[in-house]
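For reference, the structure discussed in these notes is given below.
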Number of protein chains: 4
Amino acid sequence: MKVAVFGASGYTGGELLRLLVNHPAEVVAATSKEYVGKPIYLVHPHLKGFYSMKFSSLEEALKGDYDYAFIALPHGLSKDLVPKLMESGVKVVDLGADFRLKDPSLYERWYGFTHPYPDLLERAVYGLPELNREEIKGAELVASPGCNATATILASAPLVKMGASHLIADLKVGSSEAGSKPTKGTHHPYREGAIRPYSPSGHRHQAEAQQELSKLAGRKVKVSLVPHSVSSVRGAFASVHSFLEVDEAELWRAYAKFYSGEPFVRVAQRGTVPNVKSVIGSNFADVGFASDQESGRVTGFAAIDNLIKGAAGQAIQSLNLMAGLDERTGLTIPPLSP
Amino acid sequence: MKVAVFGASGYTGGELLRLLVNHPAEVVAATSKEYVGKPIYLVHPHLKGFYSMKFSSLEEALKGDYDYAFIALPHGLSKDLVPKLMESGVKVVDLGADFRLKDPSLYERWYGFTHPYPDLLERAVYGLPELNREEIKGAELVASPGCNATATILASAPLVKMGASHLIADLKVGSSEAGSKPTKGTHHPYREGAIRPYSPSGHRHQAEAQQELSKLAGRKVKVSLVPHSVSSVRGAFASVHSFLEVDEAELWRAYAKFYSGEPFVRVAQRGTVPNVKSVIGSNFADVGFASDQESGRVTGFAAIDNLIKGAAGQAIQSLNLMAGLDERTGLTIPPLSP
Amino acid sequence: MKVAVFGASGYTGGELLRLLVNHPAEVVAATSKEYVGKPIYLVHPHLKGFYSMKFSSLEEALKGDYDYAFIALPHGLSKDLVPKLMESGVKVVDLGADFRLKDPSLYERWYGFTHPYPDLLERAVYGLPELNREEIKGAELVASPGCNATATILASAPLVKMGASHLIADLKVGSSEAGSKPTKGTHHPYREGAIRPYSPSGHRHQAEAQQELSKLAGRKVKVSLVPHSVSSVRGAFASVHSFLEVDEAELWRAYAKFYSGEPFVRVAQRGTVPNVKSVIGSNFADVGFASDQESGRVTGFAAIDNLIKGAAGQAIQSLNLMAGLDERTGLTIPPLSP
Amino acid sequence: MKVAVFGASGYTGGELLRLLVNHPAEVVAATSKEYVGKPIYLVHPHLKGFYSMKFSSLEEALKGDYDYAFIALPHGLSKDLVPKLMESGVKVVDLGADFRLKDPSLYERWYGFTHPYPDLLERAVYGLPELNREEIKGAELVASPGCNATATILASAPLVKMGASHLIADLKVGSSEAGSKPTKGTHHPYREGAIRPYSPSGHRHQAEAQQELSKLAGRKVKVSLVPHSVSSVRGAFASVHSFLEVDEAELWRAYAKFYSGEPFVRVAQRGTVPNVKSVIGSNFADVGFASDQESGRVTGFAAIDNLIKGAAGQAIQSLNLMAGLDERTGLTIPPLSP
């Protein structure tokens, strides 16, 4: 099996390359706009010795011969690339947002463009295996979920099944979510030790979380999402709050049942809670819950590595399903702790 | 003015000593159970050169001559000490929880003991100047608020005034909140990079936040509080969520009005949000807000230094009010950033 | 191939378990003094789902059936365990210091005990494959190097070959070096942001670094080692300084030649330097060098993950050599970055 | 007393503004190239409420009326500004490197420009009060030392007095040293957890450290300086190594004597070592030493806050001396710890 990675010089692209080292798929092309012709280790020094190839341009890569393509480009850049790849018979896992939403009008609202391929939106499958495993198996185009959406959905899906309809997703995320380009917000002296909200209203992942949770519930579910920057590098933690009259025993049963048999979701023992430290470096999502009987608050928790279960790992999980491989292929590296 | 610090070897006690260096009050006694007779710099090497005194025992300190006492002892240890001090005419600022709650029955529920001095609970003033400035001025016993309660109340007081009654306070806090004793949860390899909830239901500060916000509103306000450990050392950040039909202009007016003239509360400009990085090392609380019209969610934010506005600084603010000093005395050190 | 891990509840033991997940060796016993009978995920929550076994006592494990034993016990505890295992025909990789030094008198000086098995010291092989590969292949007992010694030796071996005889090894290390037990020095509020030397004179790894570098040089080499605590969790970085009249071109040739063909040593391109961020999570040592012509200073650098190349990974590398496996078996996981 | 701050939007400029809040000098101008006309809190949100002034241009500030000017501009920008200020009778504390070196030819070598005012180099006083207190008192132009040079000199001055002539200064520094502009090297995901050398040969501060230590010794002293990036934000720690036959008792006497009476240098008790955690937020330099008798190595240590004793605080210390104030004016804020 041959694969291409479009957008291989960013963090998500680098993580794809890293994980594919221990995967049967062979990487035959890795593109970069800024580093065409440069060796991969120049950008990803940790990968020195693993890849002898050089970054190629997008145009060059389009001429290559491969079965699957991962797209790890900024939002808005894959919508025109995907149709070209699909025409050549290449199956695609897009890690950007361009094919996640079913309703074309949402692209105007949340991403500021009119979607040129509404028909492809219908054919694209939202690549969260815990919700859409069977569709992913048969998909030609998988829209791999955003990291904050992944954490939000996995934290709260059982709550939604139990009846929750108004969710407040309070996320705490590491700096690698912001990507590999230095900015004021990720300048080390500014970011280290910081705790502050970003996108305090209207984070884009809200739309996809809402779409998938509503589909799961079979009714309209409202999700309001507030991510916070904290000083970790990796990790996204979702605390999804709602008001619901349930006790902890019911919650335990609901979570255990919902995630029964899932290879990459681990439900916290009662009395314990998830921690990003236990999932970093792996494709696991550790989930848990708590309830405060006095106020009626119930909270679902999920901890993921934003670059793996929130991006590259989940994309490979979809690839495995599409290709008929064991879903865990290349993803059995345990978390790195401490 | 002479003061004694009971419990001076912990982080809060050390912070009192640090801030009192630049305050007219003279520290005449500093107690420690573990370090009696040892020089202060042994425990607080950063204070080397500022204090020549040694730690004394509680018993010895009780015999001393001073006008005010700060108590920074673990919960449950001040309830018997305070009456003794007050009998001697000493005015007290207690940084522990023993006199924060008005309803004695709540001590049984939240702290596991029957309060021996319910009459003192009535006389004690909850030491949050932004709510209770006038009572503090005349108080003989101030119960200085918990750090998480301080952040929660300051983040949401204007929301409560606008009608919010069901609040979910999602806090993110640094490791210094856990105190100066090494534990598994604060072991550096475990804590650095961690994001996880602690006390996911039933955090004790919930009771005092509920008491004060209800008093402010003149009606029952429910607050459910979920703190999360993140890898900062200092800082507590509260995101207090509720559902309320208000727009951002109304929010701005409400926050600006509520905190008008407050010397230590800074309301974030519209379009910006608070960040603990801008308050560390100071007595400031930076507050802000956001609303998500689609879901009806509204959130109040507050960033404080948990050891200053959340503990030692706020206690000195109360002392200043009790002693008739300018409220800002000794507290005008700007935040340390970056 | 069956293996036992003695001392499996600490960080090094946990790392052995983690790496052995992707290794053909089967772990049949994992001991812990404190957690006998408890499931492994209780101590190592990141390994949940990978091991169903429980911790056993040392005594129980001694009765088991396995070909190789890893010992990750505190210094002084393996010296009596090793002979028992060897008598049963078990080959041993000891990650502690009890068999690293050839001269028995050094145990009295550095570790404070008279070594009970000086004959075993002769038979033990110092498990640094880059220096002793052939001996490791035939060894029945491998004394796996200390993390600081590993970094020091790999940073400076080419310098010693070029003639350097007086080395000052200035190390900067993460908190995981201190082990899994909470202490004052690893309390998060104290350690995070700290930069300070520990063992500023007389660090024990000095003895083994001196022994191996002297053996390599065929003359007496003096190494003075000063480790510093910095606020990373993982990572040990050695800057080994000496005075030597060589230029950068000679240095480049010496390093490139010395490490030619080494599967786990990567020499930095000229003009670049190693960084622990590029090796964390892997068995790589990235090495480099610099010279200051004006003062005659020359410095060798090495960056390792203290728990992998500095402990568990290097021990597995020795196991692979002893067992006739490809040296890289189970160790091809690329570093985790960022 | 009126002062102007040239270059007030960077970290050093911000720190000057912060410290001057509690100093009798009145800040009448604060310049910024990028933020002319913008309020100070926009760039320094932590200072909100302390300054109502706006940033002015350099040209505008030159027309102002003040007694002293601090210059916190990038290297190369003050050499032409200083003469203009001095002509107007303004006394100057320059925090850049343009007037630190006495030998004009060194500017060509280290900074790449021919110095236009060699006469001013003679008149400028190197602003390290511990070495040059009396000259500073009478100076019209003080060249305030670099942070790495300050740590290096304070760590090793007593060693040099004892005879050390070849010094290797191994520094470990926080990210704020790199300034306020985001770069690849200070991107949070890259920098957090990093340990790596930068300027591994030929760091510019080497020249000034060599100049001042040679002057102190009355003979040529060679200093080779290697700074390392670690993941702290604030703090510079120097470990200055040399070979010298002295014992710890002699070292103790030498350090105690050399720094006797110094208001901002604290010598570590025997058996303890300095730590940046004990000086952050203050103007203190904590110094110490260690010796390894076996190898003849001796090391002097110094811990400073790079933005205070390494920049803004030390500059104010010079201002105090120049203005005949108590040297500690505005600098008595104790370190912030934990």
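Naming works like this for the structure tokens: A, B, ... for the chains as they're shown, residue 1 at the start of each chain, ligands 1 onward in shown order.
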
(request) Using only C-alpha atoms, select each residue of chain B with any atom at most 6 Å away from an atom of chain C, and give the selection as a PyMOL selection string. (result) chain B and resi 175-176+182-184+186-189+233

Once you have the residues from the selection above, write them out as an mmCIF file, in the first residue's frame, restricted to N, CA and C atoms.
data_model
loop_
_atom_site.group_PDB
_atom_site.id
_atom_site.type_symbol
_atom_site.label_atom_id
_atom_site.label_comp_id
_atom_site.auth_asym_id
_atom_site.auth_seq_id
_atom_site.Cartn_x
_atom_site.Cartn_y
_atom_site.Cartn_z
ATOM 1 N N SER B 175 -0.096 24.325 40.473
ATOM 2 C CA SER B 175 0.235 23.330 41.487
ATOM 3 C C SER B 175 0.455 23.912 42.868
ATOM 4 N N SER B 176 0.694 25.216 42.981
ATOM 5 C CA SER B 176 0.939 25.770 44.312
ATOM 6 C C SER B 176 -0.322 25.732 45.172
ATOM 7 N N PRO B 182 5.158 17.733 49.471
ATOM 8 C CA PRO B 182 5.203 16.874 48.283
ATOM 9 C C PRO B 182 4.184 15.739 48.353
ATOM 10 N N THR B 183 3.483 15.520 47.277
ATOM 11 C CA THR B 183 2.533 14.411 47.196
ATOM 12 C C THR B 183 2.654 13.795 45.804
ATOM 13 N N LYS B 184 2.006 12.659 45.636
ATOM 14 C CA LYS B 184 2.015 12.014 44.328
ATOM 15 C C LYS B 184 1.465 12.965 43.255
ATOM 16 N N THR B 186 1.549 16.101 43.022
ATOM 17 C CA THR B 186 2.373 17.267 42.702
ATOM 18 C C THR B 186 3.826 16.884 42.429
ATOM 19 N N HIS B 187 4.066 15.585 42.247
ATOM 20 C CA HIS B 187 5.405 15.130 41.858
ATOM 21 C C HIS B 187 5.663 15.672 40.447
ATOM 22 N N HIS B 188 6.786 16.338 40.262
ATOM 23 C CA HIS B 188 7.002 17.067 39.002
ATOM 24 C C HIS B 188 6.787 16.221 37.749
ATOM 25 N N PRO B 189 7.360 15.020 37.677
ATOM 26 C CA PRO B 189 7.178 14.251 36.433
ATOM 27 C C PRO B 189 5.704 13.918 36.164
ATOM 28 N N VAL B 233 2.477 26.827 37.909
ATOM 29 C CA VAL B 233 2.756 26.807 39.341
ATOM 30 C C VAL B 233 1.778 27.728 40.068
#

(message) Please return, as a list in words, all residues of stretch 232-283 of chain B that DSSP assigns to helix (DSSP H, G or I) on the basis of the backbone.
(response)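 Secondary structure check on stretch 232-283 of chain B, helix (DSSP H, G or I): Glu248, Ala249, Glu250, Leu251, Trp252, Arg253, Ala254, Tyr255, Ala256, Lys257, Phe258, Val276, Lys277 and Ser278 of chain B.
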
Would you write out those residues with C-alpha atoms, as a PDB file, in the first residue's frame?
ATOM      1  CA  GLU B 248     -22.123  41.388  24.925  1.00  0.00           C
ATOM      2  CA  ALA B 249     -22.949  45.082  25.258  1.00  0.00           C
ATOM      3  CA  GLU B 250     -25.101  44.383  28.289  1.00  0.00           C
ATOM      4  CA  LEU B 251     -22.379  42.199  29.722  1.00  0.00           C
ATOM      5  CA  TRP B 252     -19.798  44.900  29.250  1.00  0.00           C
ATOM      6  CA  ARG B 253     -21.946  47.446  31.048  1.00  0.00           C
ATOM      7  CA  ALA B 254     -22.701  45.061  33.872  1.00  0.00           C
ATOM      8  CA  TYR B 255     -19.061  44.141  34.486  1.00  0.00           C
ATOM      9  CA  ALA B 256     -17.811  47.711  34.117  1.00  0.00           C
ATOM     10  CA  LYS B 257     -20.408  48.998  36.545  1.00  0.00           C
ATOM     11  CA  PHE B 258     -20.014  46.241  39.089  1.00  0.00           C
ATOM     12  CA  VAL B 276      -3.247  34.479  34.584  1.00  0.00           C
ATOM     13  CA  LYS B 277       0.067  35.616  33.072  1.00  0.00           C
ATOM     14  CA  SER B 278      -1.062  39.230  33.536  1.00  0.00           C
TER      15      SER B 278
END

Quick one: residues within 7 Å of B:Ile195, only C-alpha atoms, excluding same-chain residues fewer than 2 positions away - as an mmCIF file with N, CA and C atoms, in the first residue's frame?
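So part-v3.cif came out as:
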data_model
loop_
_atom_site.group_PDB
_atom_site.id
_atom_site.type_symbol
_atom_site.label_atom_id
_atom_site.label_comp_id
_atom_site.auth_asym_id
_atom_site.auth_seq_id
_atom_site.Cartn_x
_atom_site.Cartn_y
_atom_site.Cartn_z
ATOM 1 N N PHE A 237 -8.013 18.319 26.610
ATOM 2 C CA PHE A 237 -8.881 17.758 27.643
ATOM 3 C C PHE A 237 -10.224 18.448 27.553
ATOM 4 N N ASN A 275 -6.629 11.798 32.476
ATOM 5 C CA ASN A 275 -5.525 12.750 32.581
ATOM 6 C C ASN A 275 -4.785 12.689 31.244
ATOM 7 N N VAL A 276 -4.504 13.827 30.671
ATOM 8 C CA VAL A 276 -3.776 13.774 29.396
ATOM 9 C C VAL A 276 -2.431 13.066 29.521
ATOM 10 N N GLY B 193 2.728 19.045 32.566
ATOM 11 C CA GLY B 193 2.054 18.593 31.355
ATOM 12 C C GLY B 193 0.687 17.980 31.612
ATOM 13 N N HIS B 228 -9.608 21.962 37.796
ATOM 14 C CA HIS B 228 -8.714 21.109 37.014
ATOM 15 C C HIS B 228 -7.265 21.496 37.305
ATOM 16 N N SER B 229 -6.430 20.494 37.462
ATOM 17 C CA SER B 229 -4.993 20.731 37.603
ATOM 18 C C SER B 229 -4.375 20.940 36.232
ATOM 19 N N VAL B 230 -3.649 22.020 36.062
ATOM 20 C CA VAL B 230 -2.860 22.195 34.855
ATOM 21 C C VAL B 230 -1.426 22.452 35.292
#

(message) For A:Ala97, find every residue with an atom within 12 Å (counting only C-alpha atoms), except residues of its own chain fewer than 3 positions away, and show them as number ranges by chain.
(response) A: 71-79, 93-94, 100-102, 106-107, 110-111, 115, 121, 124, 126-127, 142-147, 149, 204-208, 311

Those selected residues, please, written with C-alpha atoms and delivered as a PDB file, in the first residue's frame.
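And here is the file that came out, part_27.pdb:
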ATOM      1  CA  ILE A  71      -4.154  15.858   3.569  1.00  0.00           C
ATOM      2  CA  ALA A  72      -2.800  17.928   6.418  1.00  0.00           C
ATOM      3  CA  LEU A  73      -3.119  21.359   4.836  1.00  0.00           C
ATOM      4  CA  PRO A  74      -4.592  24.510   6.371  1.00  0.00           C
ATOM      5  CA  HIS A  75      -8.372  24.833   6.149  1.00  0.00           C
ATOM      6  CA  GLY A  76      -9.595  25.842   2.703  1.00  0.00           C
ATOM      7  CA  LEU A  77      -6.751  24.238   0.779  1.00  0.00           C
ATOM      8  CA  SER A  78      -8.050  20.696   0.486  1.00  0.00           C
ATOM      9  CA  LYS A  79     -11.464  21.441  -1.021  1.00  0.00           C
ATOM     10  CA  VAL A  93      -8.268  11.074   4.457  1.00  0.00           C
ATOM     11  CA  ASP A  94      -8.522  14.817   4.879  1.00  0.00           C
ATOM     12  CA  ARG A 100     -16.501  17.672   7.824  1.00  0.00           C
ATOM     13  CA  LEU A 101     -19.812  19.517   7.677  1.00  0.00           C
ATOM     14  CA  LYS A 102     -22.799  18.116   5.827  1.00  0.00           C
ATOM     15  CA  LEU A 106     -22.314  26.146   7.464  1.00  0.00           C
ATOM     16  CA  TYR A 107     -19.125  26.708   5.485  1.00  0.00           C
ATOM     17  CA  TRP A 110     -17.993  29.245  10.037  1.00  0.00           C
ATOM     18  CA  TYR A 111     -15.264  29.227   7.414  1.00  0.00           C
ATOM     19  CA  HIS A 115     -18.359  25.226  -0.703  1.00  0.00           C
ATOM     20  CA  LEU A 121     -19.930  16.740   1.390  1.00  0.00           C
ATOM     21  CA  ALA A 124     -17.579  12.318   2.794  1.00  0.00           C
ATOM     22  CA  TYR A 126     -16.880  12.016   9.346  1.00  0.00           C
ATOM     23  CA  GLY A 127     -13.950   9.920  10.445  1.00  0.00           C
ATOM     24  CA  VAL A 142     -12.930  10.562   5.093  1.00  0.00           C
ATOM     25  CA  ALA A 143     -13.104  13.941   6.805  1.00  0.00           C
ATOM     26  CA  SER A 144     -11.042  13.358   9.893  1.00  0.00           C
ATOM     27  CA  PRO A 145     -12.366  15.208  12.969  1.00  0.00           C
ATOM     28  CA  GLY A 146     -10.833  18.255  14.629  1.00  0.00           C
ATOM     29  CA  CYS A 147      -8.996  17.644  17.877  1.00  0.00           C
ATOM     30  CA  ALA A 149     -14.369  18.108  18.387  1.00  0.00           C
ATOM     31  CA  ARG A 204     -15.378  26.366  14.686  1.00  0.00           C
ATOM     32  CA  HIS A 205     -15.276  22.838  16.030  1.00  0.00           C
ATOM     33  CA  GLN A 206     -18.614  23.609  17.654  1.00  0.00           C
ATOM     34  CA  ALA A 207     -20.358  23.027  14.333  1.00  0.00           C
ATOM     35  CA  GLU A 208     -19.007  19.543  13.740  1.00  0.00           C
ATOM     36  CA  ALA A 311      -5.285  14.193  14.224  1.00  0.00           C
TER      37      ALA A 311
END

(message) Given only C-alpha atoms as the basis, pick out the residue of A:Val173, A:Val273, A:Ala209, A:Leu331 nearest to A:Ile304.
(response)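 Of A:Val173, A:Val273, A:Ala209, A:Leu331, the one nearest A:Ile304 is A:Val173, counting only C-alpha atoms.
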
(request) Write out as an MDAnalysis selection string each polymer residue whose atoms come within 12 Å of A:Pro116, counting only C-alpha atoms; drop sequence neighbours fewer than 3 positions from it. (result) chainID A and resid 76 78:83 98:99 104:105 107:108 113 119:121

(request) Would you please give, as a VMD selection string, all residues of stretch 86-296 of chain C that DSSP assigns to strand (DSSP E or B) based on the backbone? (result) chain C and resid 91 to 94 125 to 126 141 to 143 166 to 173 187 196 to 197 222 to 229 236 to 243 265 to 267 285 to 292

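Atom CA of A:Lys33 lies 20.5 Å from atom CA of C:Pro338.
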
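The gap separating atom CA of C:Phe50 from atom CA of A:Pro263 is 11.3 Å, in Å to one decimal.
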
Near stretch 51-63 of chain C, counting only C-alpha atoms, which residues have an atom at most 7 Å away, once you skip same-chain residues fewer than 5 positions from it, shown as a PDB file with N, CA and C atoms, in the first residue's frame?
ATOM      1  N   PHE C   6      12.325  -7.064  37.490  1.00  0.00           N
ATOM      2  CA  PHE C   6      12.397  -6.851  38.936  1.00  0.00           C
ATOM      3  C   PHE C   6      12.413  -5.356  39.216  1.00  0.00           C
ATOM      4  N   ALA C  29       6.829 -11.923  34.540  1.00  0.00           N
ATOM      5  CA  ALA C  29       6.757 -11.487  35.943  1.00  0.00           C
ATOM      6  C   ALA C  29       7.194 -10.038  36.043  1.00  0.00           C
ATOM      7  N   ALA C  30       6.539  -9.304  36.924  1.00  0.00           N
ATOM      8  CA  ALA C  30       6.865  -7.899  37.183  1.00  0.00           C
ATOM      9  C   ALA C  30       6.728  -7.692  38.677  1.00  0.00           C
ATOM     10  N   THR C  31       7.831  -7.400  39.343  1.00  0.00           N
ATOM     11  CA  THR C  31       7.756  -7.320  40.801  1.00  0.00           C
ATOM     12  C   THR C  31       7.617  -5.882  41.297  1.00  0.00           C
ATOM     13  N   SER C  32       7.052  -5.788  42.486  1.00  0.00           N
ATOM     14  CA  SER C  32       6.956  -4.514  43.204  1.00  0.00           C
ATOM     15  C   SER C  32       6.845  -4.833  44.678  1.00  0.00           C
ATOM     16  N   LYS C  33       7.587  -4.123  45.473  1.00  0.00           N
ATOM     17  CA  LYS C  33       7.517  -4.338  46.917  1.00  0.00           C
ATOM     18  C   LYS C  33       6.230  -3.747  47.461  1.00  0.00           C
ATOM     19  N   TYR C  35       3.404  -2.763  45.754  1.00  0.00           N
ATOM     20  CA  TYR C  35       2.119  -2.984  45.083  1.00  0.00           C
ATOM     21  C   TYR C  35       1.831  -4.450  44.765  1.00  0.00           C
ATOM     22  N   VAL C  36       2.403  -5.380  45.536  1.00  0.00           N
ATOM     23  CA  VAL C  36       2.171  -6.803  45.277  1.00  0.00           C
ATOM     24  C   VAL C  36       0.672  -7.096  45.167  1.00  0.00           C
ATOM     25  N   GLY C  37       0.301  -7.794  44.121  1.00  0.00           N
ATOM     26  CA  GLY C  37      -1.100  -8.194  43.962  1.00  0.00           C
ATOM     27  C   GLY C  37      -1.965  -7.143  43.293  1.00  0.00           C
ATOM     28  N   LYS C  38      -1.407  -5.959  43.087  1.00  0.00           N
ATOM     29  CA  LYS C  38      -2.171  -4.887  42.436  1.00  0.00           C
ATOM     30  C   LYS C  38      -1.954  -4.948  40.922  1.00  0.00           C
ATOM     31  N   PRO C  39      -2.975  -4.534  40.171  1.00  0.00           N
ATOM     32  CA  PRO C  39      -2.811  -4.535  38.708  1.00  0.00           C
ATOM     33  C   PRO C  39      -1.788  -3.476  38.276  1.00  0.00           C
ATOM     34  N   ILE C  40      -1.152  -3.739  37.174  1.00  0.00           N
ATOM     35  CA  ILE C  40      -0.084  -2.851  36.714  1.00  0.00           C
ATOM     36  C   ILE C  40      -0.599  -1.457  36.361  1.00  0.00           C
TER      37      ILE C  40
END

(request) Check the smallest atom-to-atom distance from each of B:Phe284, B:Leu20, B:Ala8, B:Leu213 to D:Ile333 using only C-alpha atoms, then report the winner. (result)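 Under the stated criterion, the closest residue is B:Leu20.
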
(request) Using atom CA of C:Ser199 and atom CA of C:Val223 as the two end points, give the distance in Å to one decimal. (result)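 Separating atom CA of C:Ser199 from atom CA of C:Val223 is a distance of 14.3 Å.
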